[in-house]
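**Student:** Just final15.pdb, nothing more (PDB, C-alpha atoms):
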ATOM      1  CA  MET A   1       4.612 -28.799 -23.843
ATOM      2  CA  ARG A   2       1.073 -30.174 -23.528
ATOM      3  CA  HIS A   3       0.998 -29.684 -19.748
ATOM      4  CA  ARG A   4       2.082 -26.068 -19.979
ATOM      5  CA  THR A   5      -0.549 -25.044 -22.528
ATOM      6  CA  PRO A   6      -3.541 -25.096 -20.109
ATOM      7  CA  LEU A   7      -1.562 -23.093 -17.520
ATOM      8  CA  LEU A   8      -0.441 -20.599 -20.139
ATOM      9  CA  LEU A   9      -3.996 -20.188 -21.426
ATOM     10  CA  ALA A  10      -5.342 -19.842 -17.887
ATOM     11  CA  GLY A  11      -2.751 -17.161 -17.140
ATOM     12  CA  LEU A  12      -3.615 -15.238 -20.297
ATOM     13  CA  PHE A  13      -7.311 -15.487 -19.436
ATOM     14  CA  LEU A  14      -6.680 -14.011 -15.965
ATOM     15  CA  VAL A  15      -4.635 -11.167 -17.407
ATOM     16  CA  ALA A  16      -7.352 -10.431 -19.967
ATOM     17  CA  ALA A  17     -10.072 -10.624 -17.319
ATOM     18  CA  GLY A  18      -8.100  -8.259 -15.111
ATOM     19  CA  ALA A  19      -7.725  -5.776 -17.948
ATOM     20  CA  VAL A  20     -11.438  -5.922 -18.736
ATOM     21  CA  GLY A  21     -12.309  -5.550 -15.048
ATOM     22  CA  THR A  22     -10.019  -2.563 -14.718
ATOM     23  CA  PHE A  23     -11.488  -1.009 -17.821
ATOM     24  CA  MET A  24     -14.995  -1.549 -16.503
ATOM     25  CA  VAL A  25     -14.172  -0.030 -13.113
ATOM     26  CA  VAL A  26     -12.502   2.984 -14.675
ATOM     27  CA  SER A  27     -15.410   3.406 -17.069
ATOM     28  CA  ALA A  28     -17.975   3.077 -14.281
ATOM     29  CA  GLU A  29     -16.242   5.602 -12.014
ATOM     30  CA  GLY A  30     -15.468   8.113 -14.717
ATOM     31  CA  PRO A  31     -12.185   9.874 -15.364
ATOM     32  CA  ALA A  32     -12.317  12.170 -12.295
ATOM     33  CA  ALA A  33     -12.252   9.352  -9.724
ATOM     34  CA  ALA A  34      -8.889   8.714  -8.033
ATOM     35  CA  PRO A  35      -7.753   5.232  -7.093
ATOM     36  CA  ALA A  36      -8.222   4.363  -3.421
ATOM     37  CA  THR A  37      -4.477   3.868  -2.956
ATOM     38  CA  VAL A  38      -3.449   7.444  -3.779
ATOM     39  CA  VAL A  39      -1.425   8.934  -0.919
ATOM     40  CA  PRO A  40      -1.863  12.657  -0.261
ATOM     41  CA  SER A  41       1.133  14.762  -1.242
ATOM     42  CA  ALA A  42       3.708  15.734   1.349
ATOM     43  CA  ALA A  43       2.528  19.331   1.107
ATOM     44  CA  SER A  44      -0.980  18.431   2.238
ATOM     45  CA  LEU A  45       0.348  16.261   5.095
ATOM     46  CA  ALA A  46       2.755  18.923   6.309
ATOM     47  CA  ASP A  47       0.182  21.581   7.199
ATOM     48  CA  PRO A  48       1.381  22.855  10.604
ATOM     49  CA  ILE A  49      -2.182  23.511  11.753
ATOM     50  CA  GLU A  50      -3.063  19.842  11.217
ATOM     51  CA  VAL A  51       0.201  18.291  12.440
ATOM     52  CA  ASP A  52       1.743  20.632  15.029
ATOM     53  CA  ARG A  53      -1.017  21.081  17.563
ATOM     54  CA  PRO A  54      -0.654  22.767  20.920
ATOM     55  CA  GLY A  55      -0.171  20.353  23.794
ATOM     56  CA  VAL A  56      -1.795  20.352  27.186
ATOM     57  CA  PRO A  57       0.181  22.878  29.274
ATOM     58  CA  ILE A  58       2.162  21.661  32.278
ATOM     59  CA  PRO A  59       2.330  24.627  34.680
ATOM     60  CA  LEU A  60       5.735  25.716  35.972
ATOM     61  CA  ASP A  61       4.598  25.001  39.539
ATOM     62  CA  TRP A  62       3.581  21.388  38.692
ATOM     63  CA  ALA A  63       4.659  19.280  41.678
ATOM     64  CA  GLU A  64       4.304  15.725  40.325
ATOM     65  CA  PRO A  65       7.150  14.076  38.388
ATOM     66  CA  ILE A  66       6.781  14.638  34.636
ATOM     67  CA  PRO A  67       7.389  11.455  32.603
ATOM     68  CA  MET A  68       9.993  11.789  29.847
ATOM     69  CA  THR A  69      11.512   9.201  27.511
ATOM     70  CA  VAL A  70      15.057   9.798  26.313
ATOM     71  CA  TYR A  71      16.448   7.896  23.323
ATOM     72  CA  LEU A  72      20.246   7.624  23.364
ATOM     73  CA  THR A  73      23.118   5.342  22.484
ATOM     74  CA  PRO A  74      24.642   3.214  25.282
ATOM     75  CA  THR A  75      28.042   4.943  24.997
ATOM     76  CA  CYS A  76      26.958   8.591  25.095
ATOM     77  CA  GLY A  77      28.442  10.215  28.206
ATOM     78  CA  CYS A  78      27.132  13.706  27.494
ATOM     79  CA  CYS A  79      23.624  12.259  27.047
ATOM     80  CA  SER A  80      23.817  10.764  30.556
ATOM     81  CA  ALA A  81      25.012  14.119  31.899
ATOM     82  CA  TRP A  82      22.028  15.833  30.227
ATOM     83  CA  VAL A  83      19.665  13.266  31.786
ATOM     84  CA  GLU A  84      21.088  14.170  35.225
ATOM     85  CA  HIS A  85      20.558  17.853  34.408
ATOM     86  CA  ILE A  86      16.962  17.400  33.249
ATOM     87  CA  GLY A  87      16.126  15.311  36.327
ATOM     88  CA  GLN A  88      16.708  18.431  38.431
ATOM     89  CA  TYR A  89      13.706  20.037  36.708
ATOM     90  CA  GLY A  90      11.108  17.527  37.866
ATOM     91  CA  PHE A  91      11.331  14.943  35.082
ATOM     92  CA  GLU A  92      11.099  11.224  35.695
ATOM     93  CA  VAL A  93      13.240   9.882  32.875
ATOM     94  CA  ALA A  94      12.898   6.498  31.169
ATOM     95  CA  LEU A  95      15.958   5.657  29.087
ATOM     96  CA  GLU A  96      15.647   3.875  25.725
ATOM     97  CA  TYR A  97      19.075   2.735  24.551
ATOM     98  CA  ARG A  98      19.526   2.239  20.811
ATOM     99  CA  VAL A  99      22.650   1.456  18.819
ATOM    100  CA  ASP A 100      21.345   3.756  16.073
ATOM    101  CA  ILE A 101      18.765   6.406  16.906
ATOM    102  CA  THR A 102      18.459   7.830  13.393
ATOM    103  CA  GLY A 103      15.100   6.090  12.911
ATOM    104  CA  VAL A 104      13.822   7.533  16.198
ATOM    105  CA  LYS A 105      14.736  11.039  15.076
ATOM    106  CA  GLN A 106      13.084  10.537  11.677
ATOM    107  CA  GLY A 107       9.980   9.096  13.325
ATOM    108  CA  TYR A 108       9.628  12.159  15.538
ATOM    109  CA  GLY A 109      10.222  14.638  12.703
ATOM    110  CA  VAL A 110      13.723  15.754  13.680
ATOM    111  CA  ARG A 111      15.444  16.876  10.489
ATOM    112  CA  PRO A 112      19.180  16.163  10.070
ATOM    113  CA  GLU A 113      20.152  19.830  10.382
ATOM    114  CA  LEU A 114      18.545  19.918  13.852
ATOM    115  CA  SER A 115      19.897  16.645  15.181
ATOM    116  CA  SER A 116      22.120  16.035  18.153
ATOM    117  CA  CYS A 117      23.118  12.991  20.180
ATOM    118  CA  HIS A 118      19.857  12.241  22.018
ATOM    119  CA  THR A 119      16.114  12.751  21.562
ATOM    120  CA  ALA A 120      13.653  13.252  24.428
ATOM    121  CA  VAL A 121       9.871  12.989  24.236
ATOM    122  CA  VAL A 122       7.457  14.370  26.804
ATOM    123  CA  ASN A 123       3.781  15.349  26.639
ATOM    124  CA  GLY A 124       3.708  14.893  22.856
ATOM    125  CA  TYR A 125       6.686  17.193  22.266
ATOM    126  CA  VAL A 126      10.217  16.398  21.090
ATOM    127  CA  PHE A 127      13.349  17.866  22.682
ATOM    128  CA  GLU A 128      16.416  17.281  20.556
ATOM    129  CA  GLY A 129      19.862  17.576  22.067
ATOM    130  CA  HIS A 130      21.195  19.635  24.958
ATOM    131  CA  VAL A 131      18.134  21.809  25.595
ATOM    132  CA  PRO A 132      18.394  23.561  28.991
ATOM    133  CA  GLY A 133      15.915  22.328  31.590
ATOM    134  CA  GLU A 134      14.496  25.791  32.221
ATOM    135  CA  ASP A 135      13.626  26.077  28.524
ATOM    136  CA  VAL A 136      11.945  22.646  28.531
ATOM    137  CA  ARG A 137       9.792  23.593  31.547
ATOM    138  CA  ARG A 138       8.864  27.039  30.150
ATOM    139  CA  PHE A 139       8.061  25.501  26.751
ATOM    140  CA  LEU A 140       5.804  22.849  28.326
ATOM    141  CA  ALA A 141       3.963  25.564  30.284
ATOM    142  CA  GLU A 142       3.402  27.530  27.059
ATOM    143  CA  ALA A 143       2.483  24.421  24.993
ATOM    144  CA  PRO A 144       2.836  26.088  21.559
ATOM    145  CA  PRO A 145       1.650  24.550  18.255
ATOM    146  CA  VAL A 146       5.103  23.297  17.149
ATOM    147  CA  ARG A 147       6.844  19.905  17.194
ATOM    148  CA  GLY A 148       9.402  20.787  19.863
ATOM    149  CA  LEU A 149      12.737  22.368  20.751
ATOM    150  CA  ALA A 150      16.193  21.576  19.400
ATOM    151  CA  VAL A 151      19.790  22.466  20.123
ATOM    152  CA  PRO A 152      21.555  21.288  16.964
ATOM    153  CA  GLY A 153      24.983  19.713  17.388
ATOM    154  CA  MET A 154      26.675  19.597  20.748
ATOM    155  CA  PRO A 155      27.660  23.147  21.802
ATOM    156  CA  LEU A 156      30.255  23.373  24.568
ATOM    157  CA  GLY A 157      28.798  24.706  27.780
ATOM    158  CA  SER A 158      25.252  23.530  27.089
ATOM    159  CA  PRO A 159      23.727  21.203  29.736
ATOM    160  CA  GLY A 160      25.634  17.927  29.596
ATOM    161  CA  MET A 161      28.496  19.554  27.658
ATOM    162  CA  GLU A 162      29.882  21.747  30.457
ATOM    163  CA  MET A 163      33.484  22.960  30.107
ATOM    164  CA  GLY A 164      34.220  25.011  33.213
ATOM    165  CA  GLY A 165      32.721  28.459  32.728
ATOM    166  CA  PHE A 166      33.014  28.423  28.933
ATOM    167  CA  VAL A 167      29.742  28.518  26.979
ATOM    168  CA  ASP A 168      29.822  28.425  23.213
ATOM    169  CA  PRO A 169      27.165  30.727  21.753
ATOM    170  CA  TYR A 170      24.171  28.593  20.794
ATOM    171  CA  GLU A 171      20.472  28.890  20.091
ATOM    172  CA  VAL A 172      17.538  26.821  21.232
ATOM    173  CA  LEU A 173      15.147  26.543  18.284
ATOM    174  CA  THR A 174      11.470  25.708  18.005
ATOM    175  CA  PHE A 175      10.781  23.470  15.023
ATOM    176  CA  THR A 176       7.753  22.262  13.113
ATOM    177  CA  THR A 177       7.132  19.193  10.995
ATOM    178  CA  THR A 178       7.364  21.413   7.914
ATOM    179  CA  GLY A 179      10.948  22.389   8.791
ATOM    180  CA  ARG A 180      10.225  25.922  10.003
ATOM    181  CA  THR A 181      12.443  27.025  12.894
ATOM    182  CA  GLU A 182      12.476  30.059  15.161
ATOM    183  CA  VAL A 183      14.851  31.096  17.912
ATOM    184  CA  TYR A 184      13.376  30.311  21.327
ATOM    185  CA  SER A 185      16.363  31.388  23.427
ATOM    186  CA  ARG A 186      20.090  32.178  23.142
ATOM    187  CA  TYR A 187      23.020  31.251  25.382
ATOM    188  CA  GLY A 188      26.714  31.957  25.713
ATOM    189  CA  SER A 189      29.158  34.572  24.659
ATOM    190  CA  GLY A 190      31.982  32.272  23.594
ATOM    191  CA  GLU A 191      34.312  33.677  26.252
TER
END
Can the structure in the file be given as structure tokens, please?
**Tutor:**
Amino acid sequence: MRHRTPLLLAGLFLVAAGAVGTFMVVSAEGPAAAPATVVPSAASLADPIEVDRPGVPIPLDWAEPIPMTVYLTPTCGCCSAWVEHIGQYGFEVALEYRVDITGVKQGYGVRPELSSCHTAVVNGYVFEGHVPGEDVRRFLAEAPPVRGLAVPGMPLGSPGMEMGGFVDPYEVLTFTTTGRTEVYSRYGSGE
């Protein structure tokens, strides 16, 4: 018990000193000062003007290959078919295989309701799912202040999901980091 007493007293002294130091800092800064570790609220971080900035436009007549990274799982056949499709529109695609790409989607601001089987990134924008190549090129030429384009799910007849002449009705959506979406284009009649 004798050997523990000095350690116990030293520990109590440190706790007391810490409390006094904290009190002194709070007193010196006044009640209006916020601690340095306060993280801004999600609302202040999600301002689309601050987060979703317009990109540098890539003109439709751009002749050089456009670098694109596509995140996909190793077993996704429709993802590979979409990569073939997008290559026809002047993209030089680097493939990043992941067993689970959920973290990639979260990192790029793709909300679950917008997700599909693969995520592409080019020129600071995100293209989620089976977005038609002509929409990707037009979007990059416009370079709007949004996060990217998404085709939620895997609609039949979309690029990479071809089924003869059948095209399920689907929408290509713009999306922002705040979760706002707007229809960019529509495809299919379901017949």
**Student:** Enumerate, as a list of chain:residue names, the residues matched when the PyMOL selection byres ((chain A and resi 133) around 9) is run on the file above.
**Tutor:**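 Given this file, the PyMOL selection byres ((chain A and resi 133) around 9) evaluates to A:His85, A:Ile86, A:Gly87, A:Gln88, A:Tyr89, A:His130, A:Val131, A:Pro132, A:Glu134, A:Asp135, A:Val136, A:Arg137, A:Arg138, A:Pro159.
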**Student:** Rounded to one decimal, what separation in Å do you get between atom CA of Val122 of chain A and atom CA of Thr178 of chain A?
**Tutor:**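 One can read the atom CA of Val122 of chain A to atom CA of Thr178 of chain A distance as 20.2 Å.
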**Student:** Between A:Val183, A:Cys79, A:Cys117, A:Met68, which one has atoms that come closest to Val93 of chain A, using all atoms listed in the file?
**Tutor:**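 Nearest candidate to Val93 of chain A out of A:Val183, A:Cys79, A:Cys117, A:Met68: A:Met68.
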**Student:** Assuming the chain letters and numbering stay as they are in my file, what does the PyMOL selection byres ((chain A and resi 189) around 10) actually select? List them as a ChimeraX atom specification.
**Tutor:** /A:166-170,186-188,190-191
**Student:** Taking (7.3, 21.5, 16.9) in the file's own coordinates, collect the residues within 7 Å, counting only C-alpha atoms, and hand them back as a PyMOL selection string.
**Tutor:** chain A and resi 52+125+145-149+174-177
**Student:** Enter the distance from atom CA of Glu182 of chain A to atom CA of Phe139 of chain A, in Å, rounded to one decimal.
**Tutor:**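 These two atoms are separated by 13.2 Å.
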**Student:** Would you pick out the contacts of Glu96 of chain A at 7 Å or less, using only C-alpha atoms, so that residues sharing its chain but fewer than 3 positions from it are not included, and give the list as a list in words?
**Tutor:**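 So the residues in contact are Thr69, Val70, Tyr71 and Leu72 of chain A.
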**Student:** Just give me the gap between atom CA of Arg98 of chain A and atom CA of Glu113 of chain A in Å, one decimal is fine.
**Tutor:**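 Distance reported for this atom pair: 20.5 Å.
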**Student:** Lys105 of chain A: which residues within 8 Å, counting all atoms listed in the file, same-chain residues fewer than 5 positions away excluded, as an MDAnalysis selection string?
**Tutor:** chainID A and resid 110:111 115 119
**Student:** Choose the residue, out of A:Gly179, A:Gly77, A:Gly90, A:Gly157, that has the smallest atom-to-atom separation from Ile58 of chain A; count all atoms listed in the file.
**Tutor:** A:Gly90
**Student:** Here is a test: counting only C-alpha atoms, which residue of A:Leu156, A:Pro57, A:Pro65, A:Ser80 is nearest to Glu92 of chain A?
**Tutor:**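 Smallest separation from Glu92 of chain A among the options: A:Pro65.
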**Student:** Using all atoms listed in the file, pick whichever of A:Ser116, A:Asn123, A:Ser185, A:Gln106 has the shortest atom-to-atom distance to Met154 of chain A.
**Tutor:** A:Ser116
**Student:** Under the rule that all atoms listed in the file are counted, which of A:Tyr184, A:Pro152, A:Pro144, A:Gly160 is the nearest residue to Arg53 of chain A?
**Tutor:** A:Pro144
**Student:** Rank nothing, just name the residue among A:Leu114, A:Val83, A:Ala63, A:Ala150 nearest to Leu95 of chain A, using all atoms listed in the file.
**Tutor:**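 Of A:Leu114, A:Val83, A:Ala63, A:Ala150, the one nearest Leu95 of chain A, counting all atoms listed in the file, is A:Val83.
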